[in-house]
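Source file: model-v8.txt (compact mmCIF, C-alpha atoms)
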```txt
# COMPACT_ATOMS: atom_id res chain seq x y z
CA MET A 906 224.77 53.39 86.70
CA SER A 907 221.03 53.52 86.62
CA SER A 908 221.06 57.01 88.06
CA LYS A 909 223.65 58.29 85.64
CA PRO A 910 222.20 60.77 83.20
CA HIS A 911 222.48 59.36 79.72
CA ASP A 912 222.99 61.38 76.61
CA HIS A 913 219.35 61.49 75.62
CA SER A 914 219.80 63.13 72.31
CA HIS A 915 221.82 60.21 71.03
CA GLY A 916 221.00 57.48 73.49
CA HIS A 917 217.66 56.23 72.26
CA SER A 918 218.87 53.22 70.39
CA HIS A 919 220.50 50.43 72.31
CA ASP A 920 224.13 51.39 72.29
CA HIS A 921 226.04 48.17 72.53
CA SER A 922 229.31 49.94 73.20
CA HIS A 923 228.22 50.81 76.71
CA GLU A 924 225.53 48.26 77.31
CA HIS A 925 227.90 45.60 78.65
CA GLY A 926 229.43 47.85 81.27
CA GLU A 927 226.05 49.01 82.54
CA PHE A 928 223.96 45.93 82.18
CA SER A 929 224.33 44.71 85.74
CA ASP A 930 223.33 48.12 87.05
CA LEU A 931 220.06 48.33 85.18
CA SER A 932 217.05 48.88 87.39
CA ASP A 933 214.06 46.58 87.22
CA THR A 934 212.16 49.26 85.33
CA GLU A 935 214.92 49.73 82.78
CA LEU A 936 215.06 45.99 82.23
CA ARG A 937 211.28 45.78 81.86
CA VAL A 938 211.31 48.54 79.26
CA ARG A 939 214.23 47.06 77.33
CA THR A 940 212.65 43.64 77.29
CA LEU A 941 209.33 45.05 76.20
CA GLU A 942 210.87 47.08 73.40
CA THR A 943 212.97 44.15 72.20
CA LEU A 944 209.96 41.82 72.06
CA LEU A 945 207.69 44.38 70.39
CA THR A 946 210.39 45.01 67.80
CA GLU A 947 211.11 41.34 67.14
CA LYS A 948 207.42 40.58 66.70
CA GLY A 949 207.03 43.42 64.23
CA TYR A 950 204.76 45.75 66.19
CA ILE A 951 207.13 48.70 66.31
CA ASP A 952 209.97 50.15 64.29
CA THR A 953 213.03 51.39 66.18
CA ASP A 954 213.61 54.31 63.82
CA ALA A 955 210.00 55.42 64.29
CA VAL A 956 210.30 55.18 68.09
CA ASN A 957 213.49 57.25 67.98
CA GLU A 958 211.82 59.84 65.78
CA LEU A 959 208.81 60.09 68.09
CA ILE A 960 211.10 60.75 71.05
CA ASP A 961 213.25 63.19 69.10
CA THR A 962 210.19 65.13 68.00
CA TYR A 963 209.18 65.94 71.55
CA GLU A 964 212.73 66.32 72.81
CA THR A 965 214.04 68.71 70.17
CA LYS A 966 211.28 69.95 67.84
CA VAL A 967 208.10 70.61 69.82
CA GLY A 968 208.14 72.71 72.97
CA PRO A 969 206.98 75.90 74.67
CA ARG A 970 208.77 78.08 72.11
CA ASN A 971 205.85 77.21 69.82
CA GLY A 972 203.30 78.56 72.29
CA ALA A 973 205.47 81.61 72.93
CA ALA A 974 205.36 82.42 69.21
CA VAL A 975 201.56 82.15 69.27
CA VAL A 976 201.27 84.44 72.30
CA ALA A 977 203.75 86.97 70.90
CA ARG A 978 201.78 87.16 67.67
CA ALA A 979 198.53 87.68 69.60
CA TRP A 980 200.17 90.48 71.58
CA GLY A 981 201.38 92.24 68.48
CA ASP A 982 198.57 91.59 66.01
CA ALA A 983 195.02 92.47 67.11
CA GLU A 984 193.41 90.54 64.25
CA TYR A 985 195.41 87.43 65.05
CA ARG A 986 194.41 87.78 68.72
CA THR A 987 190.74 87.84 67.69
CA ARG A 988 191.21 84.74 65.53
CA LEU A 989 193.04 83.00 68.40
CA LEU A 990 190.24 83.77 70.84
CA THR A 991 187.48 82.70 68.44
CA ASN A 992 189.07 79.64 66.78
CA ALA A 993 192.31 78.75 68.49
CA THR A 994 192.88 75.48 66.63
CA ALA A 995 192.88 77.25 63.26
CA ALA A 996 194.83 80.27 64.49
CA ILE A 997 197.55 78.07 65.98
CA ALA A 998 197.66 76.02 62.78
CA GLU A 999 198.52 79.24 60.91
CA LEU A 1000 201.93 78.88 62.56
CA ASP A 1001 201.93 75.19 61.57
CA TYR A 1002 201.46 73.90 65.11
CA LYS A 1003 198.81 71.20 65.11
CA GLY A 1004 198.00 67.56 65.69
CA ARG A 1005 198.29 65.17 68.58
CA GLN A 1006 196.98 66.61 71.86
CA GLY A 1007 196.16 69.89 70.17
CA GLU A 1008 193.25 68.78 67.98
CA HIS A 1009 190.73 71.01 69.76
CA MET A 1010 192.38 74.13 71.17
CA ILE A 1011 190.91 76.95 73.24
CA ALA A 1012 192.93 80.06 74.11
CA VAL A 1013 192.01 81.84 77.35
CA GLU A 1014 193.25 85.34 77.98
CA ASN A 1015 194.48 86.82 81.24
CA THR A 1016 193.25 90.33 81.90
CA ASP A 1017 193.36 92.90 84.69
CA THR A 1018 190.41 91.09 86.29
CA VAL A 1019 190.84 87.38 85.39
CA HIS A 1020 193.75 84.97 85.80
CA ASN A 1021 193.47 81.57 84.07
CA MET A 1022 195.08 78.30 85.15
CA VAL A 1023 195.05 74.95 83.31
CA VAL A 1024 195.09 71.44 84.77
CA CYS A 1025 194.08 67.88 84.04
CA THR A 1026 192.94 66.46 87.37
CA LEU A 1027 192.24 63.03 85.84
CA CYS A 1028 195.51 62.39 83.98
CA SER A 1029 198.03 64.63 82.23
CA CYS A 1030 196.19 66.26 79.29
CA TYR A 1031 198.33 69.11 77.98
CA PRO A 1032 198.52 71.02 74.67
CA TRP A 1033 201.53 69.24 73.15
CA PRO A 1034 201.80 71.12 69.80
CA VAL A 1035 202.24 74.45 71.60
CA LEU A 1036 203.89 73.45 74.89
CA GLY A 1037 205.59 70.11 74.22
CA LEU A 1038 205.59 67.48 76.96
CA PRO A 1039 204.32 68.53 80.38
CA PRO A 1040 206.75 69.12 83.24
CA ILE A 1041 206.64 66.66 86.14
CA TRP A 1042 204.86 69.03 88.50
CA TYR A 1043 201.96 69.35 86.04
CA LYS A 1044 201.44 65.57 86.08
CA SER A 1045 202.01 65.21 89.82
CA ALA A 1046 199.43 64.61 92.56
CA PRO A 1047 200.17 67.88 94.41
CA TYR A 1048 199.27 70.07 91.42
CA ARG A 1049 196.38 67.98 90.08
CA SER A 1050 194.73 67.74 93.50
CA LYS A 1051 195.33 71.27 94.72
CA VAL A 1052 194.82 73.68 91.83
CA VAL A 1053 191.05 73.14 91.62
CA ILE A 1054 190.43 73.53 95.36
CA ASP A 1055 193.19 75.99 96.25
CA PRO A 1056 194.48 77.77 93.14
CA ARG A 1057 195.76 80.67 95.22
CA GLY A 1058 197.81 78.25 97.31
CA VAL A 1059 199.32 76.83 94.12
CA LEU A 1060 200.27 80.32 92.95
CA GLU A 1061 201.91 80.83 96.34
CA ASP A 1062 203.89 77.62 95.79
CA PHE A 1063 205.17 79.17 92.56
CA GLY A 1064 205.97 82.47 94.27
CA VAL A 1065 203.28 84.26 92.29
CA GLU A 1066 201.40 87.06 94.03
CA ILE A 1067 197.80 87.75 93.06
CA SER A 1068 195.14 90.07 94.41
CA ALA A 1069 192.15 88.56 96.23
CA ASP A 1070 189.96 90.80 94.07
CA LYS A 1071 191.08 89.12 90.87
CA GLU A 1072 189.08 86.14 89.59
CA ILE A 1073 191.02 82.92 89.26
CA THR A 1074 189.44 80.62 86.76
CA VAL A 1075 190.73 77.06 86.45
CA TRP A 1076 190.25 74.94 83.32
CA ASP A 1077 190.15 71.21 84.07
CA SER A 1078 190.94 69.40 80.78
CA THR A 1079 188.47 66.55 81.24
CA ALA A 1080 187.83 66.00 77.49
CA GLU A 1081 189.98 66.28 74.33
CA VAL A 1082 189.89 70.08 74.43
CA ARG A 1083 193.28 71.60 75.30
CA TYR A 1084 193.83 75.03 76.80
CA LEU A 1085 196.50 77.66 76.21
CA VAL A 1086 196.71 80.67 78.52
CA ILE A 1087 197.54 84.00 76.88
CA PRO A 1088 199.42 85.85 79.62
CA GLN A 1089 199.18 89.62 79.95
CA ARG A 1090 201.66 91.57 77.87
CA PRO A 1091 204.19 93.22 80.17
CA SER A 1092 204.48 96.99 80.11
CA GLY A 1093 207.53 98.58 78.58
CA THR A 1094 207.37 96.41 75.46
CA ASP A 1095 205.82 98.84 72.98
CA GLY A 1096 207.20 98.42 69.50
CA TRP A 1097 208.94 95.12 70.25
CA SER A 1098 209.19 92.55 67.47
CA GLU A 1099 207.37 89.21 67.80
CA GLU A 1100 210.71 87.46 68.19
CA LYS A 1101 211.67 89.68 71.10
CA LEU A 1102 208.22 89.47 72.70
CA ALA A 1103 208.32 85.67 72.51
CA LYS A 1104 211.36 85.64 74.78
CA LEU A 1105 209.16 87.02 77.57
CA VAL A 1106 206.67 84.17 77.31
CA THR A 1107 207.52 81.38 79.73
CA ARG A 1108 205.99 77.91 79.76
CA ASN A 1109 204.45 78.53 83.18
CA SER A 1110 202.85 81.76 81.97
CA MET A 1111 201.00 79.72 79.33
CA ILE A 1112 199.73 77.23 81.98
CA GLY A 1113 198.86 79.96 84.47
CA THR A 1114 201.38 79.22 87.20
CA GLY A 1115 203.39 82.30 86.31
CA TYR A 1116 203.37 85.62 84.50
CA ALA A 1117 205.25 86.63 81.41
CA LEU A 1118 208.66 88.07 82.16
CA ASN A 1119 209.18 91.80 82.46
CA PRO A 1120 211.76 93.41 80.17
CA ASP A 1121 214.22 93.75 83.08
CA GLN A 1122 213.91 90.02 83.82
CA LEU A 1123 214.72 89.30 80.20
CA VAL A 1124 218.00 91.16 80.51
CA GLY A 1125 218.83 88.94 83.47
CA GLU A 1126 217.97 85.84 81.45
CA VAL A 1127 220.22 86.80 78.60
CA GLN A 1128 223.12 87.64 80.86
CA ALA A 1129 222.69 84.33 82.68
CA MET B 452 185.82 54.90 88.42
CA ASN B 453 186.92 56.39 91.71
CA GLY B 454 190.54 55.40 91.23
CA GLY B 455 193.89 56.92 92.06
CA GLN B 456 193.66 59.11 88.97
CA ASP B 457 190.71 61.16 90.24
CA LEU B 458 192.73 63.63 92.29
CA GLY B 459 190.81 66.91 92.14
CA GLY B 460 190.27 68.29 95.64
CA MET B 461 192.39 65.77 97.56
CA GLN B 462 194.54 67.31 100.25
CA GLY B 463 197.79 66.54 101.99
CA PHE B 464 200.19 65.99 99.09
CA GLY B 465 202.18 69.06 100.09
CA PRO B 466 203.26 72.01 97.99
CA VAL B 467 203.72 71.91 94.23
CA ILE B 468 207.47 71.79 93.68
CA GLU B 469 208.95 72.79 90.36
CA GLU B 470 212.23 71.18 89.37
CA GLN B 471 214.64 73.79 88.06
CA ASN B 472 216.10 73.09 84.61
CA GLU B 473 214.02 69.92 84.40
CA PRO B 474 215.20 67.56 81.65
CA HIS B 475 212.68 66.08 79.22
CA PHE B 476 213.42 62.65 80.68
CA HIS B 477 215.10 61.62 83.91
CA ALA B 478 216.34 58.32 82.49
CA ASP B 479 216.58 56.78 79.05
CA TRP B 480 213.80 54.34 79.85
CA GLU B 481 211.34 57.21 80.29
CA ALA B 482 212.03 58.35 76.74
CA ARG B 483 211.63 54.79 75.49
CA VAL B 484 208.25 54.47 77.29
CA LEU B 485 207.03 57.66 75.63
CA GLY B 486 208.17 56.30 72.27
CA LEU B 487 206.57 52.88 72.85
CA VAL B 488 203.23 54.36 73.88
CA LEU B 489 203.18 56.65 70.85
CA ALA B 490 204.35 53.91 68.47
CA THR B 491 201.88 51.23 69.62
CA GLY B 492 198.81 53.50 69.52
CA PRO B 493 198.66 53.51 65.70
CA LEU B 494 198.36 49.70 65.70
CA GLY B 495 194.70 50.51 66.28
CA LEU B 496 194.09 47.96 69.03
CA TRP B 497 193.03 50.52 71.62
CA ASN B 498 191.85 54.12 71.71
CA ILE B 499 192.84 56.93 74.09
CA ASP B 500 189.97 56.14 76.47
CA ILE B 501 190.91 52.47 76.73
CA GLY B 502 194.48 53.63 77.36
CA ARG B 503 193.39 55.97 80.14
CA HIS B 504 191.24 53.27 81.73
CA ALA B 505 194.22 50.90 81.71
CA ARG B 506 196.14 53.49 83.74
CA GLU B 507 193.35 54.38 86.17
CA THR B 508 192.79 50.73 87.08
CA ILE B 509 196.29 50.63 88.57
CA PRO B 510 195.55 50.26 92.32
CA PRO B 511 195.55 53.70 93.98
CA GLN B 512 198.44 52.86 96.30
CA ASP B 513 200.57 52.09 93.24
CA TYR B 514 199.22 54.93 91.09
CA LEU B 515 200.12 57.46 93.77
CA SER B 516 203.63 56.09 94.29
CA PHE B 517 204.55 55.63 90.62
CA SER B 518 206.23 58.30 88.51
CA TYR B 519 204.12 59.30 85.50
CA TYR B 520 206.18 57.24 83.05
CA GLN B 521 205.86 54.25 85.41
CA ILE B 522 202.09 54.74 85.19
CA TRP B 523 202.34 54.81 81.40
CA LEU B 524 204.50 51.69 81.40
CA ALA B 525 202.12 49.76 83.65
CA GLY B 526 199.19 50.80 81.46
CA LEU B 527 200.98 49.80 78.27
CA GLU B 528 201.92 46.40 79.70
CA LYS B 529 198.25 45.78 80.53
CA LEU B 530 197.11 46.68 77.02
CA ILE B 531 199.76 44.47 75.46
CA ALA B 532 198.84 41.54 77.72
CA ARG B 533 195.13 42.00 77.13
CA ASN B 534 195.69 41.88 73.38
CA HIS B 535 198.03 38.87 73.70
CA LEU B 536 200.65 40.62 71.60
CA LEU B 537 203.58 38.84 73.20
CA ASP B 538 202.02 35.38 73.38
CA GLU B 539 203.89 32.44 71.84
CA GLY B 540 203.47 32.40 68.08
CA VAL B 541 201.69 35.75 67.94
CA THR B 542 203.26 38.48 65.80
CA ALA B 543 202.18 41.62 63.96
CA LYS B 544 201.84 39.42 60.88
CA THR B 545 199.57 36.82 62.50
CA LYS B 546 197.52 39.67 63.98
CA GLY B 547 197.34 41.45 60.62
CA LEU B 548 198.77 44.66 62.12
CA THR B 549 200.81 47.35 60.39
CA LYS B 550 203.53 49.06 62.38
CA LEU B 551 204.20 52.79 62.36
CA THR B 552 207.23 53.48 60.17
CA LEU B 553 209.68 56.35 60.28
CA LYS B 554 208.28 58.03 57.19
CA ASN B 555 204.77 58.11 58.68
CA VAL B 556 205.70 59.58 62.08
CA ALA B 557 205.31 63.25 61.18
CA THR B 558 201.99 62.82 59.37
CA THR B 559 200.62 60.59 62.14
CA LEU B 560 201.45 63.20 64.79
CA ALA B 561 200.11 66.05 62.64
CA ARG B 562 196.85 64.19 62.09
CA GLY B 563 196.48 63.44 65.80
CA GLY B 564 193.21 61.96 67.00
CA PRO B 565 190.37 64.44 66.62
CA ALA B 566 187.47 63.50 68.90
CA ASN B 567 184.71 65.53 67.21
CA ARG B 568 182.05 63.51 65.39
CA GLU B 569 178.81 64.12 63.59
CA ALA B 570 176.04 64.73 66.13
CA GLN B 571 173.36 62.05 66.38
CA SER B 572 170.80 64.50 67.73
CA ALA B 573 170.30 68.20 68.45
CA ALA B 574 172.07 69.76 71.42
CA ARG B 575 169.77 69.97 74.42
CA PHE B 576 171.60 72.88 76.02
CA LYS B 577 172.96 76.23 74.92
CA VAL B 578 175.36 78.83 76.25
CA GLY B 579 173.94 80.41 79.39
CA ASP B 580 171.90 77.37 80.46
CA GLN B 581 172.26 76.09 84.00
CA ILE B 582 172.92 72.37 84.33
CA THR B 583 173.32 70.06 87.31
CA THR B 584 175.72 67.16 87.07
CA ARG B 585 174.64 63.68 88.00
CA ASN B 586 175.70 61.98 91.17
CA PHE B 587 177.03 58.56 90.17
CA ASN B 588 179.94 56.29 90.96
CA PRO B 589 180.51 53.92 88.04
CA THR B 590 183.20 51.28 88.43
CA THR B 591 183.90 51.81 84.73
CA HIS B 592 185.61 54.72 82.93
CA THR B 593 184.22 58.23 83.28
CA ARG B 594 185.58 61.74 82.82
CA LEU B 595 183.19 63.34 85.30
CA PRO B 596 185.50 63.82 88.28
CA ARG B 597 184.19 63.14 91.78
CA TYR B 598 184.54 66.77 92.80
CA LEU B 599 182.11 67.90 90.09
CA ARG B 600 179.31 65.38 90.70
CA GLY B 601 175.99 66.74 91.89
CA HIS B 602 176.88 70.38 91.29
CA THR B 603 175.22 73.14 89.30
CA GLY B 604 177.07 75.24 86.76
CA GLU B 605 176.58 77.31 83.63
CA ILE B 606 177.32 76.28 80.06
CA VAL B 607 179.85 78.66 78.53
CA ILE B 608 180.97 76.79 75.38
CA VAL B 609 179.17 74.26 73.15
CA HIS B 610 181.84 72.15 71.40
CA GLY B 611 179.72 69.89 69.23
CA ALA B 612 179.52 66.12 69.52
CA HIS B 613 182.64 64.32 70.72
CA VAL B 614 183.49 60.66 71.31
CA PHE B 615 181.92 59.68 74.64
CA PRO B 616 184.74 58.22 76.75
CA ASP B 617 182.49 56.35 79.16
CA ASP B 618 181.38 54.16 76.25
CA ALA B 619 184.45 54.29 74.01
CA ALA B 620 186.62 52.88 76.80
CA HIS B 621 184.54 49.72 77.10
CA LYS B 622 184.12 47.96 73.80
CA GLU B 623 184.41 44.70 75.77
CA LEU B 624 181.14 45.48 77.58
CA HIS B 625 178.85 46.65 74.77
CA ASP B 626 178.67 47.57 71.11
CA ARG B 627 177.88 51.27 71.50
CA GLY B 628 181.25 52.16 69.95
CA GLU B 629 182.22 55.81 70.24
CA ASN B 630 178.62 56.88 70.89
CA PRO B 631 179.30 60.61 70.25
CA GLN B 632 177.59 62.99 72.67
CA TRP B 633 177.36 66.77 72.92
CA LEU B 634 180.29 68.25 74.78
CA TYR B 635 180.08 71.49 76.75
CA THR B 636 182.41 73.61 78.86
CA VAL B 637 180.67 74.22 82.17
CA ARG B 638 181.57 76.99 84.61
CA PHE B 639 181.20 76.27 88.33
CA LYS B 640 181.60 78.72 91.19
CA ALA B 641 184.38 77.71 93.58
CA THR B 642 182.06 78.47 96.48
CA ASP B 643 179.40 76.10 95.06
CA ILE B 644 181.90 73.25 94.75
CA TRP B 645 183.98 73.73 97.85
CA GLY B 646 181.93 75.82 100.25
CA PRO B 647 181.49 79.40 101.38
CA ASP B 648 185.03 79.92 102.67
CA LYS B 649 186.43 79.94 99.12
CA ASN B 650 187.08 83.17 97.24
CA PRO B 651 183.74 84.22 95.69
CA ASN B 652 185.60 85.47 92.60
CA ASP B 653 187.00 82.05 91.69
CA HIS B 654 185.66 79.48 89.22
CA VAL B 655 186.44 76.06 87.85
CA HIS B 656 185.61 75.00 84.29
CA ALA B 657 185.39 71.45 83.00
CA ASP B 658 184.49 69.86 79.67
CA LEU B 659 181.48 67.61 80.24
CA TRP B 660 179.26 65.50 78.00
CA GLU B 661 175.47 65.72 77.96
CA PRO B 662 174.91 62.32 79.65
CA TYR B 663 176.69 63.73 82.71
CA PHE B 664 173.84 66.19 83.27
CA VAL B 665 170.61 65.59 85.17
CA GLN B 666 168.05 65.66 82.36
```

Exercise: express the given structure as structure tokens:
Amino acid sequence: MSSKPHDHSHGHSHDHSHEHGEFSDLSDTELRVRTLETLLTEKGYIDTDAVNELIDTYETKVGPRNGAAVVARAWGDAEYRTRLLTNATAAIAELDYKGRQGEHMIAVENTDTVHNMVVCTLCSCYPWPVLGLPPIWYKSAPYRSKVVIDPRGVLEDFGVEISADKEITVWDSTAEVRYLVIPQRPSGTDGWSEEKLAKLVTRNSMIGTGYALNPDQLVGEVQA
Amino acid sequence: MNGGQDLGGMQGFGPVIEEQNEPHFHADWEARVLGLVLATGPLGLWNIDIGRHARETIPPQDYLSFSYYQIWLAGLEKLIARNHLLDEGVTAKTKGLTKLTLKNVATTLARGGPANREAQSAARFKVGDQITTRNFNPTTHTRLPRYLRGHTGEIVIVHGAHVFPDDAAHKELHDRGENPQWLYTVRFKATDIWGPDKNPNDHVHADLWEPYFVQ
């Protein structure tokens, strides 16, 4: 069935063992994509193994755990934090996160007085090396249209409370510069290791649509 | 161009809804589209700005009803058609193109596509300067969103010279190439952009090239 979730981790290549049973159920879009890929392959423009590897990279290797490691290090290491705030591209590369859609990085820090939020109103620019592929809401019209004109309304949509006294500053990624939000370090985490701190750092907290988890929320996460 | 992509400040789309436990892809074809877009880029037939322009020229009624991977697919199909890649008798060999191979994937992604270039002139602005953006409505590619045209803001970061998308997207129209221009992060007050009922504490930043400023 076209709506049936496939096994993505192994389903990238055309699996002939199930293709026959499903062929008649393929949607127009699926057929268009299959036809396109087949023709591009036959004519020598693409290599199936390379396509599979590209998908696998962003499905299993690159994701928000990378950004969480960067944030946790900045929380625990004052010198690293300074390097991150002055030359984010180089500081992030220290952890070996670099390349496509992270060529020119800027880290922006949340404080008691400023809350940062990141968007790309014109398309879907997003810091891939540290956050992986963007979630659907980030690419969607509601977020892209609203966050620049009504950031407080967006935070409400995410169930995030914020004081009217606090500055909200939105970063619209209109060029090839990509932004990473450093959320505030939660209290009650003194002496924590970087590994443990990283568990508090959610994807949304690095976009600005959430805060880092509190230690008591982490307990809930682990139990769940 | 004032297409369906230029969404900043539009109203009426409803709340932002986050899908819980969202998968990377909602169907296999979405993963394949990601892979095809990333694999065809290194053929060198188009740059990121040409790719974006292919997507923003999707009619707004379609752009706004498509999922993001449908937008990517429609854009990729345009680029392939425009370059005649699937025409009878045309192949990578006849085009003299080299495909991305498995062993080059990691290095290609790690290299990425840096947009900084050597500056052709000195920067005209510095941190702290006030600038006013131009009011224009080109039918061609631009990265100055509608909601930031004709507004005054303050330069907070000078990035150096970067590829100028308005020119780099249109090699069919002129031979200016990448035409690198100084890129700045500009800070605008929310009340200046949207009016006095907005929170006076709030700001919007955008990365804008020197030709976007009233000189």

Residues of chain B near chain A: apply a cut-off of 6 Å, count only C-alpha atoms, and supply the list as a PyMOL selection string. chain B and resi 456-461+464+467+469+480+486+542-543+550+552-553+560-563+565+594+652-658

Quick one: residues within 12 Å of Gln571 (chain B), all atoms listed in the file, excluding same-chain residues fewer than 6 positions away - as a ChimeraX atom specification? /B:611-614,629-633

One number please: CA of Asp618 (chain B) to CA of Asp513 (chain B), in Å, one decimal. 25.7 Å

What's the separation between CA of Leu634 (chain B) and CA of Asp617 (chain B), in Å to one decimal place? 12.9 Å

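As for CA of Asn650 (chain B) and CA of Pro466 (chain B), they are spaced 19.7 Å apart.
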
I want to know what sits within 7 Å of region 1099-1112 of chain A, based on all atoms listed in the file, with residues of the same chain fewer than 2 positions away left out; could you give that as number ranges by chain? A: 969, 973-974, 977-978, 981, 1022-1023, 1036, 1085-1088, 1097, 1114-1119, 1123

Selection above as a file: C-alpha atoms, as an mmCIF file, in the coordinates of the input:
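Result written to result-v6.cif:
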```cif
data_model
loop_
_atom_site.group_PDB
_atom_site.id
_atom_site.type_symbol
_atom_site.label_atom_id
_atom_site.label_comp_id
_atom_site.auth_asym_id
_atom_site.auth_seq_id
_atom_site.Cartn_x
_atom_site.Cartn_y
_atom_site.Cartn_z
ATOM 1 C CA PRO A 969 206.980 75.900 74.670
ATOM 2 C CA ALA A 973 205.470 81.610 72.930
ATOM 3 C CA ALA A 974 205.360 82.420 69.210
ATOM 4 C CA ALA A 977 203.750 86.970 70.900
ATOM 5 C CA ARG A 978 201.780 87.160 67.670
ATOM 6 C CA GLY A 981 201.380 92.240 68.480
ATOM 7 C CA MET A 1022 195.080 78.300 85.150
ATOM 8 C CA VAL A 1023 195.050 74.950 83.310
ATOM 9 C CA LEU A 1036 203.890 73.450 74.890
ATOM 10 C CA LEU A 1085 196.500 77.660 76.210
ATOM 11 C CA VAL A 1086 196.710 80.670 78.520
ATOM 12 C CA ILE A 1087 197.540 84.000 76.880
ATOM 13 C CA PRO A 1088 199.420 85.850 79.620
ATOM 14 C CA TRP A 1097 208.940 95.120 70.250
ATOM 15 C CA THR A 1114 201.380 79.220 87.200
ATOM 16 C CA GLY A 1115 203.390 82.300 86.310
ATOM 17 C CA TYR A 1116 203.370 85.620 84.500
ATOM 18 C CA ALA A 1117 205.250 86.630 81.410
ATOM 19 C CA LEU A 1118 208.660 88.070 82.160
ATOM 20 C CA ASN A 1119 209.180 91.800 82.460
ATOM 21 C CA LEU A 1123 214.720 89.300 80.200
#
```

Within 9 Å of (181.7, 77.7, 72.1), only C-alpha atoms: residues as a PDB file with C-alpha atoms, in the coordinates of the input?
```pdb
ATOM      1  CA  THR A 991     187.480  82.700  68.440  1.00  0.00           C
TER       2      THR A 991
ATOM      3  CA  VAL B 578     175.360  78.830  76.250  1.00  0.00           C
ATOM      4  CA  VAL B 607     179.850  78.660  78.530  1.00  0.00           C
ATOM      5  CA  ILE B 608     180.970  76.790  75.380  1.00  0.00           C
ATOM      6  CA  VAL B 609     179.170  74.260  73.150  1.00  0.00           C
ATOM      7  CA  HIS B 610     181.840  72.150  71.400  1.00  0.00           C
ATOM      8  CA  GLY B 611     179.720  69.890  69.230  1.00  0.00           C
ATOM      9  CA  TYR B 635     180.080  71.490  76.750  1.00  0.00           C
ATOM     10  CA  THR B 636     182.410  73.610  78.860  1.00  0.00           C
TER      11      THR B 636
END
```

If we draw a sphere of 12 Å around (174.6, 57.8, 89.3), which residues have at least one atom in it when counting all atoms listed in the file? Please report them as a list in words.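 Output of the proximity query reads Met452, Thr584, Arg585, Asn586, Phe587, Asn588, Pro589, Thr590, Thr591, Thr593, Leu595, Arg597, Arg600, Gly601, Pro662, Tyr663, Phe664 and Val665 of chain B.
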
Counting all atoms listed in the file, figure out which residue out of B:Lys529, B:Lys554, B:Lys649, B:His475 gets nearest to Arg503 (chain B).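 Among B:Lys529, B:Lys554, B:Lys649, B:His475, it is B:Lys529 that comes nearest to Arg503 (chain B).
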